Amino acid sequence: MSFQVIVFYGFATWLIFSALMVISSKNSVKAALFLVLSFVGAAGIWMLLEAEFLAISLVVVYVGAVMVLLLFVVMMLDVDYAALKQGFVKKLPLALLISIGFFLMLYRFIDGSFDSEAYAAPAAKAADYSNIKEIGRVLYTEYVLAFEIAAVILFVAIIAAIALTFRGRRNRKTQNINKQLQANKENRLKIVKMDPVVKDTSSSESEEK
Amino acid sequence: MNEFIMGIDLMAWLETVFWILLKIVAILLPLVLAVAYTTYAERKIIGYMQLRLGPNRVGPKGWFQPFADVIKLVMKEIIIPRGANKALFILAPVLFIGPAFAAWAVIPFDAEVVLADINAGLLFVLAMTSIGVYGVIIAGWASNSKYAFLGAMRSAAQIVSYELAMGFALVGVLMCAQSMNLSEIVNAQSGGIFSWFWLPLFPLLIVYWISGVAETNRAPFDMAEGESEIVAGFHVEYAGTAFALFFLAEYANMILISFLTALMFMGGWLSPFEGLGILEEWTAWVPGTIWLLMKAFISLFGLLWIRATFPRFRYDQVMRLGWKIFIPVTLVWLPILAVWIKFEAWPFN
């Protein structure tokens, strides 16, 4: 049992535990935080597979951006946990049916051909091997079409999300930034020239003391 | 037991761990000391800018003021508000300071002087600075306070927005250097002051530096704290050591941003007099670390300077600057840069 295997089982346990906590914790914020933890665990396993670019990208994109926005939403929700549990028994048969179906699908897929003999372990690369360059090369040559299609789909999704949430201009009071930026000294500040007023202090000086 | 960990020489393994721990201490101790004196420098510099003296009572010229502050903070009681989520409330400062320190693992202080010389160093730094936001969000949520929660919301939106601009600025750096390894990025800038990346990447340098100010929640981007609007924002319920951790992490992040600016745009540890004949000879004895520290200090001074100069942005102004100005600037500059590099015009020849 080498050190790598110990690390692998560590990360695997971490991943499975946090994934279980995502679906079993009662508090939705805690569930989201456990999802973050499971992403970090997955990144650890990818790091072990020498895919450091993918591992750190996972942390940057999912942990650093996507989950922050998800947490942002989840924290603002006011979830009534009692109401959530009410329909549990009624929905249980359907839920069981779906999960059994899903399990069978996975079982068929994993069965037989998907074991360690069918997929030989790849040879370890040298320390100076940069998989960032390799990914970039493959992505922009062999898979450039798939890559561009994915980009277009994401772009459409962005526009769709904006179109769905944009409800037109309601009667709200917004700042006119251009007007604010055009403000200058001439139209904001008025300098008035005045003669200096000298207060006659000679007589009052003795009274103050 | 020995059979269990077969395949690794236990003694050699322990020795490696010991050396790594020693290196971590060698980075973190000066860092914490630098944080202490950055707070002192900030108060002094802003003081002089506002025609005040700043701290001048503890020790000669107030030099022991940071230690007095630390002792004061450590002696204070940590109060956990009623209704707060206790575990997350304690965890939040730890989550904030952990990434702030972890990012220093890939920072090279001189040629070959680096704790972890990894290929994806640039990406690692970006990942660590973006993980730090969880400390802020969790602190705001777990405090069970409206002010803290508002601060956390503002911070989350702000950091996600500016991270995009920052990421694009880093894309420019890696296009020029053809590498994500921070040491290689510095080496790619060798050859005098005009070979550094500040020249071809000037718009990106500005975007990166200002995004850095926004990422560290510093004035004029301190929407998350905004003491005149939401008391002290996300850390309003924190006291004593827990507050000190937030404070420490914020300053560690400031110093980190300064170092990264120096490394990526200002030639890192390279001498500014390279290729200038007699000047280069005279300054050849100066170690690279000194140059790096000097460059980082210029950037750090800028951070303190703008705090004394600018009033706090309004929230919609912060968002507008990030989304409507910085991201378009980077999106325009990257294609220009790509063409520039492709045709191998100066200084890429």
# chains A, B, ... in the order shown; residues from 1 in each chain; ligands from 1
$ residues_around --residues "Val66 in chain A" --least-positions-apart "5" --cutoff "12 Å" --atoms "only C-alpha atoms" --output "PyMOL selection string"
(chain A and resi 32+35-36+39+57-61+71-73) or (chain B and resi 130-131+156-157+160-161)
$ closest_atom_pairs --of "chain B" --to "chain A" --cutoff "10 Å" --atoms "only C-alpha atoms" --output "CSV"
residue,atom,partner,partner_atom,distance
B:Glu3,CA,A:Met1,CA,8.5
B:Phe4,CA,A:Met1,CA,6.3
B:Ile5,CA,A:Met1,CA,6.1
B:Met6,CA,A:Met1,CA,6.3
B:Gly7,CA,A:Ser2,CA,5.7
B:Ile8,CA,A:Ser2,CA,7.0
B:Leu88,CA,A:Lys30,CA,9.3
B:Ile118,CA,A:Glu52,CA,9.1
B:Asn119,CA,A:Ser130,CA,6.7
B:Ala120,CA,A:Phe53,CA,6.4
B:Gly121,CA,A:Ile56,CA,9.6
B:Leu123,CA,A:Ile56,CA,6.6
B:Phe124,CA,A:Ile56,CA,6.3
B:Val125,CA,A:Val60,CA,9.6
B:Leu126,CA,A:Val60,CA,6.9
B:Ala127,CA,A:Val60,CA,4.6
B:Met128,CA,A:Val60,CA,8.1
B:Thr129,CA,A:Gly64,CA,8.5
B:Ser130,CA,A:Gly64,CA,4.8
B:Ile131,CA,A:Gly64,CA,5.4
B:Gly132,CA,A:Gly64,CA,8.5
B:Val133,CA,A:Gly64,CA,7.8
B:Tyr134,CA,A:Val68,CA,7.5
B:Ile137,CA,A:Phe72,CA,8.3
B:Ile138,CA,A:Leu33,CA,9.2
B:Trp141,CA,A:Met75,CA,7.4
B:Phe149,CA,A:Met75,CA,9.1
B:Ala152,CA,A:Phe72,CA,8.9
B:Met153,CA,A:Phe72,CA,6.7
B:Arg154,CA,A:Phe72,CA,9.8
B:Ala156,CA,A:Val68,CA,6.7
B:Ala157,CA,A:Leu69,CA,7.8
B:Ile159,CA,A:Ala65,CA,8.9
B:Val160,CA,A:Ala65,CA,5.9
B:Ser161,CA,A:Ala65,CA,9.2
B:Glu163,CA,A:Ala65,CA,8.5
B:Leu164,CA,A:Ala65,CA,9.3
B:Gly167,CA,A:Val60,CA,9.9
B:Gln178,CA,A:Lys133,CA,9.0
B:Ser179,CA,A:Lys133,CA,8.6
B:Met180,CA,A:Ile132,CA,8.5
B:Asp316,CA,A:Gln175,CA,8.6
B:Gln317,CA,A:Ile177,CA,8.3
B:Arg320,CA,A:Ile177,CA,9.2
$ residues_around --residues "Phe197 in chain B" --least-positions-apart "3" --cutoff "8 Å" --atoms "only C-alpha atoms" --output "VMD selection string"
chain B and resid 173 176 189 194 200 to 202 264 to 267
$ write_last_selection --atoms "N, CA, C and O atoms" --output "mmCIF file, in the first residue's frame"
data_model
loop_
_atom_site.group_PDB
_atom_site.id
_atom_site.type_symbol
_atom_site.label_atom_id
_atom_site.label_comp_id
_atom_site.auth_asym_id
_atom_site.auth_seq_id
_atom_site.Cartn_x
_atom_site.Cartn_y
_atom_site.Cartn_z
ATOM 1 N N VAL B 173 -0.960 37.787 -19.229
ATOM 2 C CA VAL B 173 0.372 37.453 -18.720
ATOM 3 C C VAL B 173 0.826 36.107 -19.255
ATOM 4 O O VAL B 173 1.954 35.954 -19.734
ATOM 5 N N CYS B 176 1.935 36.171 -22.886
ATOM 6 C CA CYS B 176 3.277 36.712 -23.079
ATOM 7 C C CYS B 176 4.348 35.731 -22.633
ATOM 8 O O CYS B 176 5.362 35.557 -23.285
ATOM 9 N N GLN B 189 10.667 37.674 -18.605
ATOM 10 C CA GLN B 189 10.740 39.131 -18.665
ATOM 11 C C GLN B 189 12.168 39.649 -18.647
ATOM 12 O O GLN B 189 12.386 40.862 -18.624
ATOM 13 N N PHE B 194 12.503 47.470 -20.239
ATOM 14 C CA PHE B 194 11.508 47.521 -21.319
ATOM 15 C C PHE B 194 11.096 46.124 -21.788
ATOM 16 O O PHE B 194 10.250 45.995 -22.660
ATOM 17 N N PRO B 200 3.883 45.879 -22.775
ATOM 18 C CA PRO B 200 2.825 45.367 -23.664
ATOM 19 C C PRO B 200 1.495 45.139 -22.956
ATOM 20 O O PRO B 200 0.458 45.084 -23.609
ATOM 21 N N LEU B 201 1.537 44.990 -21.627
ATOM 22 C CA LEU B 201 0.307 44.649 -20.905
ATOM 23 C C LEU B 201 -0.193 45.817 -20.081
ATOM 24 O O LEU B 201 -0.872 45.614 -19.073
ATOM 25 N N PHE B 202 0.133 47.050 -20.483
ATOM 26 C CA PHE B 202 -0.164 48.177 -19.602
ATOM 27 C C PHE B 202 -1.638 48.269 -19.190
ATOM 28 O O PHE B 202 -1.928 48.406 -17.993
ATOM 29 N N MET B 264 4.506 39.588 -11.974
ATOM 30 C CA MET B 264 3.940 39.356 -13.302
ATOM 31 C C MET B 264 4.145 40.520 -14.251
ATOM 32 O O MET B 264 4.198 40.328 -15.458
ATOM 33 N N PHE B 265 4.221 41.727 -13.716
ATOM 34 C CA PHE B 265 4.310 42.876 -14.617
ATOM 35 C C PHE B 265 5.617 43.642 -14.473
ATOM 36 O O PHE B 265 6.027 44.344 -15.386
ATOM 37 N N MET B 266 6.260 43.563 -13.311
ATOM 38 C CA MET B 266 7.427 44.400 -13.051
ATOM 39 C C MET B 266 8.737 43.612 -12.993
ATOM 40 O O MET B 266 9.711 44.050 -12.399
ATOM 41 N N GLY B 267 8.736 42.428 -13.568
ATOM 42 C CA GLY B 267 9.994 41.700 -13.672
ATOM 43 C C GLY B 267 10.481 41.018 -12.415
ATOM 44 O O GLY B 267 11.629 40.598 -12.358
#
$ atom_distance --atom1 "CA of Ala123 in chain A" --atom2 "CA of Val5 in chain A"
16.3 Å
$ residues_around --residues "Met294 in chain B" --least-positions-apart "4" --cutoff "10 Å" --atoms "only C-alpha atoms" --output "PDB file with N, CA and C atoms, in the first residue's frame"
ATOM      1  N   PHE B 259       2.986  41.585  -4.345  1.00  0.00           N
ATOM      2  CA  PHE B 259       4.022  40.684  -4.838  1.00  0.00           C
ATOM      3  C   PHE B 259       3.677  40.176  -6.236  1.00  0.00           C
ATOM      4  N   ALA B 262       4.301  42.741  -8.823  1.00  0.00           N
ATOM      5  CA  ALA B 262       5.738  42.850  -9.069  1.00  0.00           C
ATOM      6  C   ALA B 262       6.234  41.676  -9.914  1.00  0.00           C
ATOM      7  N   GLY B 268       9.641  40.897 -11.400  1.00  0.00           N
ATOM      8  CA  GLY B 268       9.988  40.120 -10.216  1.00  0.00           C
ATOM      9  C   GLY B 268      11.326  40.495  -9.611  1.00  0.00           C
ATOM     10  N   TRP B 269      12.218  39.496  -9.503  1.00  0.00           N
ATOM     11  CA  TRP B 269      13.501  39.729  -8.852  1.00  0.00           C
ATOM     12  C   TRP B 269      14.556  40.264  -9.817  1.00  0.00           C
ATOM     13  N   GLY B 288      18.397  39.508  -5.714  1.00  0.00           N
ATOM     14  CA  GLY B 288      17.123  39.657  -6.414  1.00  0.00           C
ATOM     15  C   GLY B 288      15.955  39.901  -5.480  1.00  0.00           C
ATOM     16  N   THR B 289      16.014  39.275  -4.291  1.00  0.00           N
ATOM     17  CA  THR B 289      14.915  39.424  -3.345  1.00  0.00           C
ATOM     18  C   THR B 289      14.688  40.890  -2.980  1.00  0.00           C
ATOM     19  N   ILE B 290      15.805  41.636  -2.888  1.00  0.00           N
ATOM     20  CA  ILE B 290      15.690  43.060  -2.535  1.00  0.00           C
ATOM     21  C   ILE B 290      14.924  43.805  -3.623  1.00  0.00           C
ATOM     22  N   ILE B 298       6.419  49.341  -3.696  1.00  0.00           N
ATOM     23  CA  ILE B 298       5.829  50.445  -4.471  1.00  0.00           C
ATOM     24  C   ILE B 298       4.333  50.199  -4.654  1.00  0.00           C
ATOM     25  N   SER B 299       4.002  48.958  -5.009  1.00  0.00           N
ATOM     26  CA  SER B 299       2.605  48.599  -5.214  1.00  0.00           C
ATOM     27  C   SER B 299       1.808  48.696  -3.911  1.00  0.00           C
ATOM     28  N   LEU B 300       2.429  48.238  -2.823  1.00  0.00           N
ATOM     29  CA  LEU B 300       1.758  48.266  -1.521  1.00  0.00           C
ATOM     30  C   LEU B 300       1.519  49.699  -1.083  1.00  0.00           C
TER      31      LEU B 300
END
$ residues_around --residues "range 324-331 of chain B" --least-positions-apart "2" --cutoff "12 Å" --atoms "only C-alpha atoms" --output "JSON, numbers by chain"
{"A": [177], "B": [161, 162, 163, 164, 165, 166, 167, 168, 169, 170, 171, 172, 173, 201, 202, 203, 204, 205, 206, 207, 208, 209, 210, 211, 214, 316, 317, 318, 319, 320, 321, 322, 333, 334, 335, 336, 337, 338]}
$ closest_residue --among "B:Gly302, B:Gly275, B:Gly98, B:Gly47" --to "Ile257 in chain B" --atoms "only C-alpha atoms"
B:Gly302
